[in-house]
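Listing of input39.cif; format and content: mmCIF, C-alpha atoms and all ligand atoms.
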```cif
data_final
loop_
_atom_site.group_PDB
_atom_site.id
_atom_site.type_symbol
_atom_site.label_atom_id
_atom_site.label_comp_id
_atom_site.auth_asym_id
_atom_site.auth_seq_id
_atom_site.Cartn_x
_atom_site.Cartn_y
_atom_site.Cartn_z
ATOM 1 C CA MET D 210 19.071 9.544 15.446
ATOM 2 C CA TYR D 211 20.110 9.738 11.793
ATOM 3 C CA LEU D 212 19.677 5.980 11.269
ATOM 4 C CA TRP D 213 16.259 6.001 12.963
ATOM 5 C CA LEU D 214 15.186 8.785 10.597
ATOM 6 C CA LYS D 215 16.519 6.791 7.623
ATOM 7 C CA TRP D 216 14.636 3.712 8.859
ATOM 8 C CA LEU D 217 11.416 5.768 9.118
ATOM 9 C CA HIS D 218 12.113 7.290 5.691
ATOM 10 C CA VAL D 219 12.615 3.951 3.908
ATOM 11 C CA VAL D 220 9.562 2.354 5.570
ATOM 12 C CA SER D 221 7.309 5.336 4.763
ATOM 13 C CA VAL D 222 8.604 5.587 1.185
ATOM 14 C CA ILE D 223 7.760 1.875 0.667
ATOM 15 C CA SER D 224 4.199 2.553 1.938
ATOM 16 C CA TRP D 225 3.838 5.689 -0.229
ATOM 17 C CA MET D 226 4.915 3.780 -3.342
ATOM 18 C CA ALA D 227 2.645 0.803 -2.561
ATOM 19 C CA GLY D 228 -0.251 3.271 -2.138
ATOM 20 C CA ILE D 229 0.333 5.295 -5.289
ATOM 21 C CA LEU D 230 0.965 2.252 -7.514
ATOM 22 C CA TYR D 231 -2.180 0.505 -6.314
ATOM 23 C CA LEU D 232 -4.274 3.696 -6.499
ATOM 24 C CA TYR D 233 -3.724 4.041 -10.250
ATOM 25 C CA ARG D 234 -4.621 0.351 -10.659
ATOM 26 C CA LEU D 235 -7.896 0.941 -8.767
ATOM 27 C CA LEU D 236 -8.588 3.960 -11.011
ATOM 28 C CA ILE D 237 -8.084 1.708 -14.071
ATOM 29 C CA TYR D 238 -10.665 -0.734 -12.648
ATOM 30 C CA LEU D 239 -13.009 2.232 -11.950
ATOM 31 C CA SER D 240 -12.684 3.362 -15.531
ATOM 32 C CA GLU D 241 -13.313 -0.156 -16.930
ATOM 33 C CA ARG D 242 -15.962 -1.458 -14.487
ATOM 34 C CA GLY D 243 -17.382 1.758 -12.966
ATOM 35 C CA ALA D 244 -20.600 1.528 -15.016
ATOM 36 C CA ASN D 245 -21.890 -0.960 -12.428
ATOM 37 C CA ALA D 246 -22.989 1.138 -9.397
ATOM 38 C CA ASP D 247 -22.101 -1.546 -6.803
ATOM 39 C CA ILE D 248 -18.609 -2.094 -8.221
ATOM 40 C CA LYS D 249 -18.104 1.666 -8.525
ATOM 41 C CA GLY D 250 -19.134 2.213 -4.881
ATOM 42 C CA LEU D 251 -16.700 -0.436 -3.642
ATOM 43 C CA LEU D 252 -13.798 0.792 -5.798
ATOM 44 C CA VAL D 253 -14.356 4.430 -4.727
ATOM 45 C CA LEU D 254 -14.411 3.351 -1.051
ATOM 46 C CA MET D 255 -11.212 1.281 -1.465
ATOM 47 C CA SER D 256 -9.462 4.116 -3.334
ATOM 48 C CA ARG D 257 -10.497 6.774 -0.797
ATOM 49 C CA ARG D 258 -9.331 4.730 2.185
ATOM 50 C CA LEU D 259 -6.040 3.807 0.504
ATOM 51 C CA PHE D 260 -5.447 7.488 -0.343
ATOM 52 C CA LYS D 261 -6.505 8.938 3.019
ATOM 53 C CA TYR D 262 -5.151 6.375 5.493
ATOM 54 C CA ILE D 263 -2.001 5.059 3.789
ATOM 55 C CA THR D 264 -0.779 7.080 0.797
ATOM 56 C CA VAL D 265 -1.066 10.643 2.169
ATOM 57 C CA PRO D 266 0.217 9.887 5.717
ATOM 58 C CA ALA D 267 3.115 7.860 4.228
ATOM 59 C CA ALA D 268 4.026 10.743 1.881
ATOM 60 C CA VAL D 269 3.960 13.227 4.790
ATOM 61 C CA VAL D 270 6.176 10.970 6.954
ATOM 62 C CA SER D 271 8.584 10.491 3.979
ATOM 63 C CA TYR D 272 8.994 14.281 3.719
ATOM 64 C CA VAL D 273 9.365 14.764 7.492
ATOM 65 C CA ALA D 274 11.928 11.954 7.884
ATOM 66 C CA GLY D 275 13.821 12.927 4.669
ATOM 67 C CA LEU D 276 14.045 16.598 5.639
ATOM 68 C CA GLY D 277 14.781 15.511 9.237
ATOM 69 C CA MET D 278 17.900 13.683 7.978
ATOM 70 C CA VAL D 279 18.982 16.877 6.211
ATOM 71 C CA ALA D 280 18.405 18.852 9.433
ATOM 72 C CA VAL D 281 20.523 16.391 11.449
ATOM 73 C CA VAL D 282 23.331 16.069 8.852
ATOM 74 C CA PRO D 283 23.097 19.078 6.466
ATOM 75 C CA ALA D 284 26.158 17.894 4.475
ATOM 76 C CA ILE D 285 24.179 15.012 2.859
ATOM 77 C CA ALA D 286 22.098 17.490 0.822
ATOM 78 C CA LYS D 287 25.170 19.158 -0.727
ATOM 79 C CA GLY D 288 25.416 17.239 -4.048
ATOM 80 C CA HIS D 289 23.353 18.035 -7.155
ATOM 81 C CA TRP D 290 21.831 14.537 -6.886
ATOM 82 C CA PHE D 291 19.778 15.843 -3.960
ATOM 83 C CA GLY D 292 18.278 18.730 -5.981
ATOM 84 C CA ALA D 293 17.518 16.340 -8.853
ATOM 85 C CA LYS D 294 15.935 13.860 -6.430
ATOM 86 C CA PHE D 295 13.859 16.608 -4.834
ATOM 87 C CA ILE D 296 12.443 17.724 -8.215
ATOM 88 C CA LEU D 297 11.441 14.108 -8.985
ATOM 89 C CA VAL D 298 9.911 13.782 -5.501
ATOM 90 C CA LEU D 299 7.825 16.908 -6.233
ATOM 91 C CA ALA D 300 6.677 15.231 -9.472
ATOM 92 C CA LEU D 301 5.731 12.116 -7.464
ATOM 93 C CA THR D 302 3.788 14.361 -5.060
ATOM 94 C CA HIS D 303 1.974 15.895 -8.043
ATOM 95 C CA TYR D 304 0.941 12.411 -9.287
ATOM 96 C CA THR D 305 -0.211 11.520 -5.762
ATOM 97 C CA VAL D 306 -2.449 14.612 -5.519
ATOM 98 C CA LYS D 307 -3.700 13.952 -9.066
ATOM 99 C CA ALA D 308 -4.748 10.393 -8.096
ATOM 100 C CA GLY D 309 -6.642 11.797 -5.077
ATOM 101 C CA LEU D 310 -8.486 14.315 -7.260
ATOM 102 C CA LEU D 311 -9.307 11.622 -9.837
ATOM 103 C CA ILE D 312 -11.099 9.514 -7.190
ATOM 104 C CA GLY D 313 -13.508 12.429 -6.579
ATOM 105 C CA ARG D 314 -14.005 12.987 -10.313
ATOM 106 C CA PHE D 315 -14.799 9.292 -10.913
ATOM 107 C CA GLU D 316 -17.199 9.310 -7.948
ATOM 108 C CA LYS D 317 -19.097 12.290 -9.424
ATOM 109 C CA GLY D 318 -18.950 10.871 -12.964
ATOM 110 C CA ALA D 319 -17.325 14.128 -14.151
ATOM 111 C CA ASP D 320 -16.822 14.986 -17.843
ATOM 112 C CA ASN D 321 -13.564 14.217 -19.656
ATOM 113 C CA LEU D 322 -12.496 11.409 -17.342
ATOM 114 C CA PRO D 323 -9.230 9.806 -18.464
ATOM 115 C CA SER D 324 -9.637 6.576 -20.452
ATOM 116 C CA SER D 325 -8.297 3.324 -19.013
ATOM 117 C CA LYS D 326 -5.536 3.463 -21.678
ATOM 118 C CA ARG D 327 -4.455 6.912 -20.441
ATOM 119 C CA LEU D 328 -4.597 5.714 -16.820
ATOM 120 C CA ARG D 329 -2.336 2.792 -17.752
ATOM 121 C CA VAL D 330 0.214 5.306 -19.070
ATOM 122 C CA LEU D 331 -0.197 7.508 -15.952
ATOM 123 C CA ASN D 332 0.327 4.382 -13.846
ATOM 124 C CA GLU D 333 3.819 3.954 -15.322
ATOM 125 C CA VAL D 334 4.959 7.475 -14.375
ATOM 126 C CA PRO D 335 5.325 6.877 -10.593
ATOM 127 C CA THR D 336 7.161 3.620 -11.391
ATOM 128 C CA VAL D 337 9.708 5.406 -13.589
ATOM 129 C CA LEU D 338 10.069 8.226 -11.012
ATOM 130 C CA MET D 339 10.720 5.646 -8.274
ATOM 131 C CA LEU D 340 13.389 3.866 -10.375
ATOM 132 C CA VAL D 341 15.257 7.117 -11.032
ATOM 133 C CA ILE D 342 14.882 8.448 -7.442
ATOM 134 C CA VAL D 343 16.306 5.275 -5.869
ATOM 135 C CA TRP D 344 19.115 5.225 -8.480
ATOM 136 C CA LEU D 345 19.983 8.874 -7.652
ATOM 137 C CA VAL D 346 20.015 8.336 -3.904
ATOM 138 C CA LEU D 347 22.156 5.193 -4.063
ATOM 139 C CA PHE D 348 24.628 6.095 -6.858
ATOM 140 C CA LYS D 349 24.766 9.867 -6.150
ATOM 141 C CA PRO D 350 26.152 10.315 -9.707
ATOM 142 C CA PHE D 351 26.685 14.099 -9.457
HETATM 143 C C1 LIG D 401 9.775 13.318 0.368
HETATM 144 C C2 LIG D 401 10.926 13.965 0.197
HETATM 145 C C3 LIG D 401 12.248 13.259 0.351
HETATM 146 C C4 LIG D 401 13.342 13.777 0.963
HETATM 147 C C5 LIG D 401 13.467 15.161 1.594
HETATM 148 C C6 LIG D 401 14.363 12.755 0.934
HETATM 149 C C7 LIG D 401 15.638 12.869 1.484
HETATM 150 C C8 LIG D 401 16.508 11.822 1.699
HETATM 151 C C9 LIG D 401 17.787 11.911 2.359
HETATM 152 C C10 LIG D 401 18.400 13.198 2.910
HETATM 153 C C11 LIG D 401 18.320 10.672 2.394
HETATM 154 C C12 LIG D 401 19.674 10.255 3.004
HETATM 155 C C13 LIG D 401 20.687 10.116 1.893
HETATM 156 C C14 LIG D 401 21.966 9.482 2.377
HETATM 157 O O1 LIG D 401 22.080 9.085 3.530
HETATM 158 O O2 LIG D 401 22.864 9.361 1.564
HETATM 159 C C15 LIG D 401 17.377 9.774 1.768
HETATM 160 C C16 LIG D 401 17.557 8.406 1.655
HETATM 161 C C17 LIG D 401 16.757 7.589 0.890
HETATM 162 N N1 LIG D 401 15.657 7.982 0.150
HETATM 163 FE FE1 LIG D 401 14.753 9.792 0.237
HETATM 164 N N2 LIG D 401 13.871 11.638 0.293
HETATM 165 C C18 LIG D 401 12.578 11.918 -0.100
HETATM 166 C C19 LIG D 401 11.745 11.049 -0.804
HETATM 167 C C20 LIG D 401 12.109 9.786 -1.262
HETATM 168 C C21 LIG D 401 11.348 8.960 -2.163
HETATM 169 C C22 LIG D 401 10.006 9.364 -2.777
HETATM 170 C C23 LIG D 401 12.038 7.788 -2.348
HETATM 171 C C24 LIG D 401 11.704 6.575 -3.195
HETATM 172 C C25 LIG D 401 10.796 6.539 -4.131
HETATM 173 C C26 LIG D 401 13.217 7.869 -1.529
HETATM 174 C C27 LIG D 401 14.129 6.854 -1.393
HETATM 175 C C28 LIG D 401 15.204 6.881 -0.533
HETATM 176 C C29 LIG D 401 16.030 5.718 -0.211
HETATM 177 C C30 LIG D 401 15.857 4.301 -0.755
HETATM 178 C C31 LIG D 401 17.003 6.166 0.706
HETATM 179 C C32 LIG D 401 18.068 5.336 1.408
HETATM 180 C C33 LIG D 401 19.395 5.446 0.695
HETATM 181 C C34 LIG D 401 20.548 4.844 1.489
HETATM 182 O O3 LIG D 401 20.328 4.179 2.482
HETATM 183 O O4 LIG D 401 21.679 5.048 1.086
HETATM 184 N N3 LIG D 401 13.243 9.103 -0.908
HETATM 185 N N4 LIG D 401 16.281 10.493 1.341
#
```
Any chance you could give the structure as structure tokens?
Ligand code: HEM
Amino acid sequence: MYLWLKWLHVVSVISWMAGILYLYRLLIYLSERGANADIKGLLVLMSRRLFKYITVPAAVVSYVAGLGMVAVVPAIAKGHWFGAKFILVLALTHYTVKAGLLIGRFEKGADNLPSSKRLRVLNEVPTVLMLVIVWLVLFKPF
């Protein structure tokens, strides 16, 4: 049971990361090419579908399978690495929700939209979070 949950966890985490990394890239394209209505329409559609059908379900399954492993073997969540990982996972969740909200703001042409330069910086945050999360879970340094 534990290994099946870990399998589900790793597969869903891969999908979540693929979704969030590509979403910020699509937002960069929206910011740079969104002045053209046809391009904007296509990019908004692609972003919405990626968010709704891949990124959010994958994040939910990652939580369910991750917490499921803790329910099956509570001892694995004992170290401080787990608390540290969980805080970073919450940060990743925040950036996922933020990307979802940004799609709607770009669609409406809201005020104060982030520049493509700022989106490029935001795009690096999930990457750094992923590097540290995977390091924590494998090395369990504390
Ligand atoms: C969503 C909330 C999450 C929870 C509750 C959670 C919890 C867990 C737990 C309990 C394990 C088993 C640890 C072990 O067997 O030593 C695990 C494994 C793992 N987690 Fe997560 N995790 C979450 C999110 C993530 C995220 C976002 C990533 C990557 C970005 C990630 C990457 C991994 C990897 C690669 C493993 C496998 C490690 C191994 O096989 O030794 N997890 N997770």
**Request:** Run the PyMOL selection byres (((chain D and resi 313-330) around 10) and not hetatm) mentally over the shown coordinates, then write out the matched residues as a PyMOL selection string, using the chain letters and numbers from the document.
**Result:** chain D and resi 233-241+243-244+249-250+252-254+256-257+308-312+331-334
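Once all atoms listed in the file are used for the distance check, the residues close to ligand LIG 401 (chain D) at 7 Å turn out to be D:Lys215, D:His218, D:Val219, D:Val222, D:Met226, D:Ala268, D:Ser271, D:Tyr272, D:Gly275, D:Leu276, D:Met278, D:Val279, D:Ile285, D:Ala286, D:Phe295, D:Val298, D:Leu301, D:Met339, D:Ile342, D:Val343, D:Val346, D:Leu347.
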Provide an axis-aligned box for all listed atoms of stretch 261-268 of chain D, padding each side by 8 Å; report its centre and its edge lengths in Å to one decimal, as lines of an AutoDock Vina configuration file.
```
center_x = -1.2
center_y = 7.9
center_z = 3.3
size_x = 26.5
size_y = 21.7
size_z = 20.9
```
Just how far from atom CA of D:Tyr262 is atom CA of D:Asp247, in Å to one decimal?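 Between atom CA of D:Asp247 and atom CA of D:Tyr262 the gap works out to 22.4 Å.
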Expressed in Å, the length from atom CA of D:Val269 to atom CA of D:Lys349 is 23.7 Å
Using all atoms listed in the file, the shortest atom-to-atom distance to D:His289 among D:Ile248, D:Leu345, D:Val306, D:Val265 belongs to D:Leu345
I'd like the contact shell of D:Leu214 - 7 Å cut-off, all atoms listed in the file, skipping same-chain residues fewer than 3 positions apart - returned as a ChimeraX atom specification.
/D:210-211,217-218,274,277-278
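As for atom CA of D:Ile229 and atom CA of D:Lys307, they are spaced 10.3 Å apart.
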Counting all atoms listed in the file, closest pick from D:Val282, D:Leu212, D:Leu338, D:Val220 relative to D:Val270 is D:Val220
*Between D:Val273, D:Gly288, D:Arg258, D:Ile263, single out the one closest to D:Ser224, counting only C-alpha atoms.*
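So, comparing all the options, the nearest one is D:Ile263.
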D:Tyr231 proximity check over D:Ala284, D:Leu340, D:Met255, D:Ala300, using all atoms listed in the file: winner is D:Met255
Self-check item: Among the residues D:Leu230, D:Ser221, D:Leu259, D:Arg242, the one that comes closest to D:Pro335 [using all atoms listed in the file]
Solution: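 Smallest separation from D:Pro335 among the options: D:Leu230.
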